[in-house]
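Here is the structure we will look at.
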Amino acid sequence: MASNRAPNATIQMRHLFWLLAGLALVVAPHMQRLPWWLNLIALMLFAWRIYLAWGERPLPQKWLLALLVAGGVFGVFLTYRTIFGRDSGVALLVLFLSLKLFELQRERDAIVLVLLSYFLALTNFFYSQTLPTAALMLASTLVNTASLVNFAAPGRALRANLKTAGVLLAQAGPVMLILFFLFPRVQGPLWGLPQDAYSGVTGLSNSMSPGAISRLSQADAIAFRVKFSGAPPPKPQLYWRGPVFWNFDGRTWRPGDVRPYARIKFEASGKPYDYEVTLEPHNHNWLFALEMAANIPPNASVSADHVLFARTPVRTRIRYAMRSYTSFAEGGADSPADLRQGLQLPAGFDPRARRLAQEWAADSADGAAIARKALDYFREQGFVYTLDPPPLGRDSVDDFLFGSKRGFCEHYASSFVFLMRAAGVPARVVTGYQGGEINPVDGYMIVRQSDAHAWAEIWLRGSGWVRVDPTAAVSPARVESGVAAAVPATDPLPLMTRTTLHWLLDLRDNWDALANKWNQLVLGYNPERQRQFLSRIGMSEPSWEHMALTLFWGVSGLLALLTAWLLRRMRTFDPVQRLWLRFCAKLAKSGCVRAAHEGPADFVARTAARYPAMAERIRAIGGRYIALRYGESADARMLAELRLLVREFKV
């Protein structure tokens, strides 16, 4: 589309409206992440620019803009302690784009600003690649493209500009698909520096202290999705194993020495469950699987305490196939080092709990009897399962067991393991998730952060490590029905976890199913799936060279087809051009062929001189064609006249 205006034409108010609308769409998602002072400055700069344009007032002096730039850069540095990286880089980009509005005098400046807004739209995917983010950025691209159309064809209506922009984006769609399928994929994001590329990831931590899991359980974010090949296990058997903690310093539990095993060793019984896990990024190496996992996913290993570990931190969404047995036994053998590690306690902490455990040990025949005494103590001493426990002091186990008696799963697991160790029974803390809800729309089981859980394992002679969940002794509803059914109604939980509004739950299920499709088909298109796709189309061992060559020829072929289609459409659907070509064809039959470089006015003059008897009719056809094709006063009546003249014209 050619513009009849120079690129340095003055910016009009309607142009500024389009620019600000496009910028607002790409800046809006960043406002929740930017510092408050930068949001305030950006809003003030937008409003100031509108005020200047509305009153046709002069723009501020260069020295003032330079001062604002220097102050803004200094403020970004103070906020982030750097001007490099993802967060500080986005903050600077928003600041500079806001200030660029005050250098906006000509259309050339506006075009530069639109192109920069395209880049700013891309930065939103540095933080979120969800379907709403993609839809909003598509809308911003549509508005910014319509802004460019407005510069190229001034005076057109709003609907016409949006339609043209939509057609342009639709024509770019096939090229986008080719790039999506053939452009080489890489593991991990291409943005950010190590200090901020993976900040803000939600999930279990590599340590556990009082309140850690209860805070996580107030989040509604999805931890992973599971697709079972058949019926899933009953809810009380849904223990998704994660990191195991051995070392206790009196308040915080941490992992022990991670020793990889070549294979998983346990005795399975009952039927296996086959399923596929789609794990959300959590920036740690562990993988989650239903207890007890019978296989090791590719590019992963298993530790001596049955934790699956990926080779690299999980920083992108991954999928892996698993088989698990919910009925199993580890056997009685274990290394002496593991047993000693399972008995260690910090010196000088929690004396009352130690004495109680030693009394149980003196009156009990074995570790199983001691465990039963501990569970009976939790059942009978008025303990409360709650997300909002009171703070604990230095002797956290004593304060919990004999003082508050209010806690979440980490309180019960921690105190139970402490009691077992004090009684001479090796024990360890296991964290992960318990439960999950089947989405009736797509059949996936969704495990959320609110399902985070901690339980215990004790070592019994002849049986090995045995799972004991002390939370189930206090609140059986937690294991059977989920956290919402177990905690008091006054405890803070995500709205969707506690609501009984069926229409709202149905809306969430449909949205989760749609988001899962997006994740599986679009975001889940990783290097492995790309290799599988390329092998199916005949590229058995794809390399960068082969992929680049295929990409080049694919895009070139598509552009050639699009060009041919546009030319054919121009000839087929433009009635004025069709009539002109018919007129030229009639003259060509008599030997008067229009040259490729010959314009309509020159051709009409030459033809009229050659056929003087028909000169008047030839000039009438040429005049109407030029008016309809290039004039501003064309109407349907003139088109009808041209059609009649061409039909009746004979050489």
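Identifiers in this document derive from the order of the structure tokens: chains are assigned A, B, ..., residues are numbered from 1 separately in each chain, and ligands are numbered from 1 in order of occurrence.
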
**Request:** Please identify which residues in stretch 314-552 of chain A DSSP calls strand (DSSP E) from the backbone, and express them as a PyMOL selection string.
**Result:** chain A and resi 318-329+384-385+406-407+427-434+437-438+445-448+452-460+464-468

**Asked** A:Ser214: which residues within 7 Å, counting only C-alpha atoms, same-chain residues fewer than 4 positions away excluded, as an MDAnalysis selection string?
**Response** chainID A and resid 218 387 408

**Request:** Excluding stretch 549-565 of chain A and any residue of its chain fewer than 4 positions from it, enumerate the residues within 8 Å of it, using only C-alpha atoms, and give them as a VMD selection string.
**Result:** chain A and resid 171 174 to 175 178 to 179 182 to 183 545 569

**Request:** Check the smallest atom-to-atom distance from each of A:Gln530, A:Asp220, A:Asp338, A:Gln129 to A:Ala515 using only C-alpha atoms, then report the winner.
**Result:**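 Ranking A:Gln530, A:Asp220, A:Asp338, A:Gln129 by distance to A:Ala515, first place goes to A:Gln129.
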
**Prompt:** Of the candidates A:Trp455, A:Trp240, A:Tyr275, A:Phe125, which one gets nearest to A:Gly435 if we count only C-alpha atoms?
**Reply:**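 Under the stated criterion, the closest residue is A:Trp240.
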
**Request:** Provide the atom CA of A:Pro243 to atom CA of A:Val487 distance in Å, to one decimal place.
**Result:** 24.4 Å

As a CSV table (one decimal) with N, CA, C and O atoms, in the first residue's frame, please: every residue in stretch 20-80 of chain A that a backbone DSSP assignment puts in helix (DSSP H, G or I).
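Wrote it out as states-v5.csv, contents follow:
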chain,number,residue,atom,x,y,z
A,20,LEU,N,-0.6,5.5,21.1
A,20,LEU,CA,-0.8,5.3,22.5
A,20,LEU,C,-1.6,4.1,22.8
A,20,LEU,O,-1.3,3.4,23.8
A,21,ALA,N,-2.6,3.8,22.0
A,21,ALA,CA,-3.4,2.5,22.2
A,21,ALA,C,-2.5,1.3,22.0
A,21,ALA,O,-2.6,0.4,22.9
A,22,GLY,N,-1.6,1.2,21.0
A,22,GLY,CA,-0.8,0.1,20.8
A,22,GLY,C,0.3,0.0,22.0
A,22,GLY,O,0.5,-1.1,22.5
A,23,LEU,N,0.8,1.1,22.4
A,23,LEU,CA,1.8,1.1,23.5
A,23,LEU,C,1.1,0.7,24.8
A,23,LEU,O,1.7,-0.1,25.6
A,24,ALA,N,-0.1,1.2,25.0
A,24,ALA,CA,-0.8,0.8,26.3
A,24,ALA,C,-1.0,-0.7,26.4
A,24,ALA,O,-0.9,-1.3,27.5
A,25,LEU,N,-1.3,-1.3,25.3
A,25,LEU,CA,-1.6,-2.8,25.3
A,25,LEU,C,-0.3,-3.6,25.6
A,25,LEU,O,-0.4,-4.6,26.3
A,26,VAL,N,0.8,-3.1,25.1
A,26,VAL,CA,2.1,-3.9,25.4
A,26,VAL,C,2.7,-3.5,26.8
A,26,VAL,O,3.4,-4.3,27.4
A,27,VAL,N,2.4,-2.3,27.3
A,27,VAL,CA,3.0,-1.9,28.6
A,27,VAL,C,2.1,-2.4,29.7
A,27,VAL,O,2.7,-2.7,30.8
A,28,ALA,N,0.8,-2.5,29.5
A,28,ALA,CA,-0.1,-2.9,30.6
A,28,ALA,C,0.3,-4.1,31.4
A,28,ALA,O,0.3,-4.1,32.7
A,29,PRO,N,0.6,-5.3,30.8
A,29,PRO,CA,1.0,-6.4,31.6
A,29,PRO,C,2.3,-6.2,32.4
A,29,PRO,O,2.5,-6.8,33.4
A,30,HIS,N,3.2,-5.3,31.9
A,30,HIS,CA,4.4,-5.1,32.7
A,30,HIS,C,4.2,-4.2,33.9
A,30,HIS,O,5.0,-4.2,34.8
A,31,MET,N,3.1,-3.6,34.0
A,31,MET,CA,2.9,-2.7,35.2
A,31,MET,C,2.8,-3.4,36.5
A,31,MET,O,3.1,-2.8,37.5
A,32,GLN,N,2.4,-4.6,36.5
A,32,GLN,CA,2.3,-5.4,37.7
A,32,GLN,C,3.7,-5.8,38.2
A,32,GLN,O,3.9,-6.3,39.3
A,36,TRP,N,6.7,0.9,41.4
A,36,TRP,CA,5.5,1.8,41.4
A,36,TRP,C,5.9,3.2,40.8
A,36,TRP,O,5.1,3.8,40.1
A,37,TRP,N,7.1,3.6,41.1
A,37,TRP,CA,7.5,4.9,40.7
A,37,TRP,C,7.7,5.0,39.1
A,37,TRP,O,7.4,6.0,38.5
A,38,LEU,N,8.1,3.9,38.5
A,38,LEU,CA,8.2,3.9,37.1
A,38,LEU,C,6.8,3.8,36.4
A,38,LEU,O,6.6,4.5,35.4
A,39,ASN,N,5.9,3.1,37.0
A,39,ASN,CA,4.5,3.1,36.5
A,39,ASN,C,3.9,4.5,36.6
A,39,ASN,O,3.3,5.0,35.6
A,40,LEU,N,4.2,5.2,37.7
A,40,LEU,CA,3.7,6.6,37.8
A,40,LEU,C,4.3,7.5,36.8
A,40,LEU,O,3.6,8.3,36.2
A,41,ILE,N,5.6,7.4,36.6
A,41,ILE,CA,6.3,8.2,35.6
A,41,ILE,C,5.7,8.0,34.2
A,41,ILE,O,5.4,8.9,33.4
A,42,ALA,N,5.5,6.7,33.8
A,42,ALA,CA,5.0,6.3,32.5
A,42,ALA,C,3.6,6.9,32.3
A,42,ALA,O,3.3,7.4,31.2
A,43,LEU,N,2.8,6.8,33.3
A,43,LEU,CA,1.4,7.3,33.1
A,43,LEU,C,1.4,8.8,33.0
A,43,LEU,O,0.7,9.4,32.2
A,44,MET,N,2.3,9.5,33.8
A,44,MET,CA,2.4,10.9,33.7
A,44,MET,C,2.9,11.4,32.3
A,44,MET,O,2.4,12.4,31.7
A,45,LEU,N,3.9,10.6,31.8
A,45,LEU,CA,4.4,11.0,30.5
A,45,LEU,C,3.4,10.8,29.4
A,45,LEU,O,3.3,11.6,28.4
A,46,PHE,N,2.6,9.7,29.5
A,46,PHE,CA,1.5,9.5,28.5
A,46,PHE,C,0.5,10.7,28.5
A,46,PHE,O,0.1,11.2,27.5
A,47,ALA,N,0.1,11.0,29.8
A,47,ALA,CA,-0.9,12.1,29.9
A,47,ALA,C,-0.3,13.4,29.4
A,47,ALA,O,-1.0,14.2,28.8
A,48,TRP,N,0.9,13.7,29.7
A,48,TRP,CA,1.6,14.9,29.3
A,48,TRP,C,1.6,15.0,27.8
A,48,TRP,O,1.3,16.1,27.2
A,49,ARG,N,1.9,13.9,27.1
A,49,ARG,CA,2.0,13.9,25.7
A,49,ARG,C,0.6,14.2,25.0
A,49,ARG,O,0.5,14.9,24.0
A,50,ILE,N,-0.4,13.6,25.6
A,50,ILE,CA,-1.8,13.9,25.1
A,50,ILE,C,-2.1,15.3,25.3
A,50,ILE,O,-2.7,16.0,24.4
A,51,TYR,N,-1.8,15.9,26.5
A,51,TYR,CA,-2.0,17.3,26.8
A,51,TYR,C,-1.4,18.2,25.8
A,51,TYR,O,-2.0,19.2,25.2
A,52,LEU,N,-0.1,17.9,25.4
A,52,LEU,CA,0.6,18.8,24.5
A,52,LEU,C,0.0,18.7,23.1
A,52,LEU,O,-0.1,19.7,22.4
A,53,ALA,N,-0.4,17.4,22.7
A,53,ALA,CA,-0.9,17.3,21.3
A,53,ALA,C,-2.3,17.9,21.3
A,53,ALA,O,-2.7,18.5,20.2
A,54,TRP,N,-3.1,17.8,22.3
A,54,TRP,CA,-4.5,18.3,22.3
A,54,TRP,C,-4.5,19.8,22.1
A,54,TRP,O,-5.3,20.4,21.4
A,62,LYS,N,15.3,19.6,24.7
A,62,LYS,CA,16.1,18.4,24.8
A,62,LYS,C,16.8,18.2,26.1
A,62,LYS,O,17.0,17.1,26.6
A,63,TRP,N,17.2,19.3,26.7
A,63,TRP,CA,17.9,19.2,28.0
A,63,TRP,C,17.0,18.6,29.1
A,63,TRP,O,17.5,17.8,30.0
A,64,LEU,N,15.7,18.9,29.0
A,64,LEU,CA,14.8,18.3,30.0
A,64,LEU,C,14.6,16.8,29.8
A,64,LEU,O,14.6,16.0,30.7
A,65,LEU,N,14.5,16.4,28.5
A,65,LEU,CA,14.5,14.9,28.2
A,65,LEU,C,15.7,14.2,28.6
A,65,LEU,O,15.7,13.1,29.2
A,66,ALA,N,16.9,14.8,28.4
A,66,ALA,CA,18.2,14.2,28.9
A,66,ALA,C,18.2,14.1,30.4
A,66,ALA,O,18.7,13.1,30.9
A,67,LEU,N,17.6,15.1,31.1
A,67,LEU,CA,17.6,15.0,32.6
A,67,LEU,C,16.7,13.8,33.0
A,67,LEU,O,17.0,13.1,33.9
A,68,LEU,N,15.5,13.7,32.3
A,68,LEU,CA,14.6,12.6,32.6
A,68,LEU,C,15.2,11.2,32.4
A,68,LEU,O,15.0,10.3,33.1
A,69,VAL,N,16.0,11.1,31.3
A,69,VAL,CA,16.6,9.9,30.9
A,69,VAL,C,17.6,9.5,32.0
A,69,VAL,O,17.7,8.4,32.5
A,70,ALA,N,18.5,10.5,32.4
A,70,ALA,CA,19.5,10.2,33.4
A,70,ALA,C,18.9,9.8,34.7
A,70,ALA,O,19.3,8.9,35.4
A,71,GLY,N,17.8,10.6,35.1
A,71,GLY,CA,17.1,10.2,36.4
A,71,GLY,C,16.5,8.9,36.4
A,71,GLY,O,16.5,8.1,37.3
A,72,GLY,N,15.9,8.5,35.2
A,72,GLY,CA,15.2,7.2,35.1
A,72,GLY,C,16.2,6.1,35.2
A,72,GLY,O,16.0,5.1,35.8
A,73,VAL,N,17.3,6.2,34.5
A,73,VAL,CA,18.4,5.2,34.5
A,73,VAL,C,18.9,5.0,35.9
A,73,VAL,O,19.1,3.9,36.4
A,74,PHE,N,19.1,6.1,36.6
A,74,PHE,CA,19.6,6.0,38.0
A,74,PHE,C,18.6,5.4,38.9
A,74,PHE,O,19.0,4.5,39.7
A,75,GLY,N,17.3,5.7,38.7
A,75,GLY,CA,16.3,5.0,39.5
A,75,GLY,C,16.2,3.5,39.2
A,75,GLY,O,16.0,2.7,40.1
A,76,VAL,N,16.3,3.1,38.0
A,76,VAL,CA,16.3,1.7,37.6
A,76,VAL,C,17.5,1.0,38.3
A,76,VAL,O,17.4,-0.1,38.8
A,77,PHE,N,18.7,1.6,38.3
A,77,PHE,CA,19.9,1.0,38.9
A,77,PHE,C,19.7,0.9,40.4
A,77,PHE,O,20.1,-0.1,41.0
A,78,LEU,N,19.1,1.9,41.0
A,78,LEU,CA,18.9,1.8,42.5
A,78,LEU,C,17.9,0.7,42.8
A,78,LEU,O,18.0,0.0,43.8
A,79,THR,N,16.9,0.5,41.9
A,79,THR,CA,15.9,-0.5,42.2
A,79,THR,C,16.4,-1.9,42.0
A,79,THR,O,16.1,-2.8,42.8
A,80,TYR,N,17.1,-2.1,40.9
A,80,TYR,CA,17.5,-3.5,40.6
A,80,TYR,C,19.0,-3.8,40.8
A,80,TYR,O,19.5,-4.9,40.7

**atom CA of A:Ala485 to atom CA of A:His453, distance in Å rounded to a single decimal** =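 Going from atom CA of A:Ala485 over to atom CA of A:His453 covers 14.6 Å.
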
**Prompt:** Residues at most 12 Å from A:Val143, counting only C-alpha atoms, excluding those fewer than 5 positions away in the same chain, as a ChimeraX atom specification?
**Reply:** /A:15,17-26,114,117-118,121,136-138,148-150,158-159,161-166,168-169

**Asked** For A:Gly424, which of A:Leu339, A:Leu579, A:Ala231, A:Val474 is the closest residue, counting only C-alpha atoms?
**Response**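 Counting only C-alpha atoms, the residue closest to A:Gly424 is A:Leu339.
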
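Closest to A:Pro346 among A:Arg33, A:Lys586, A:Arg421, A:His284 is A:Arg421, based on only C-alpha atoms.
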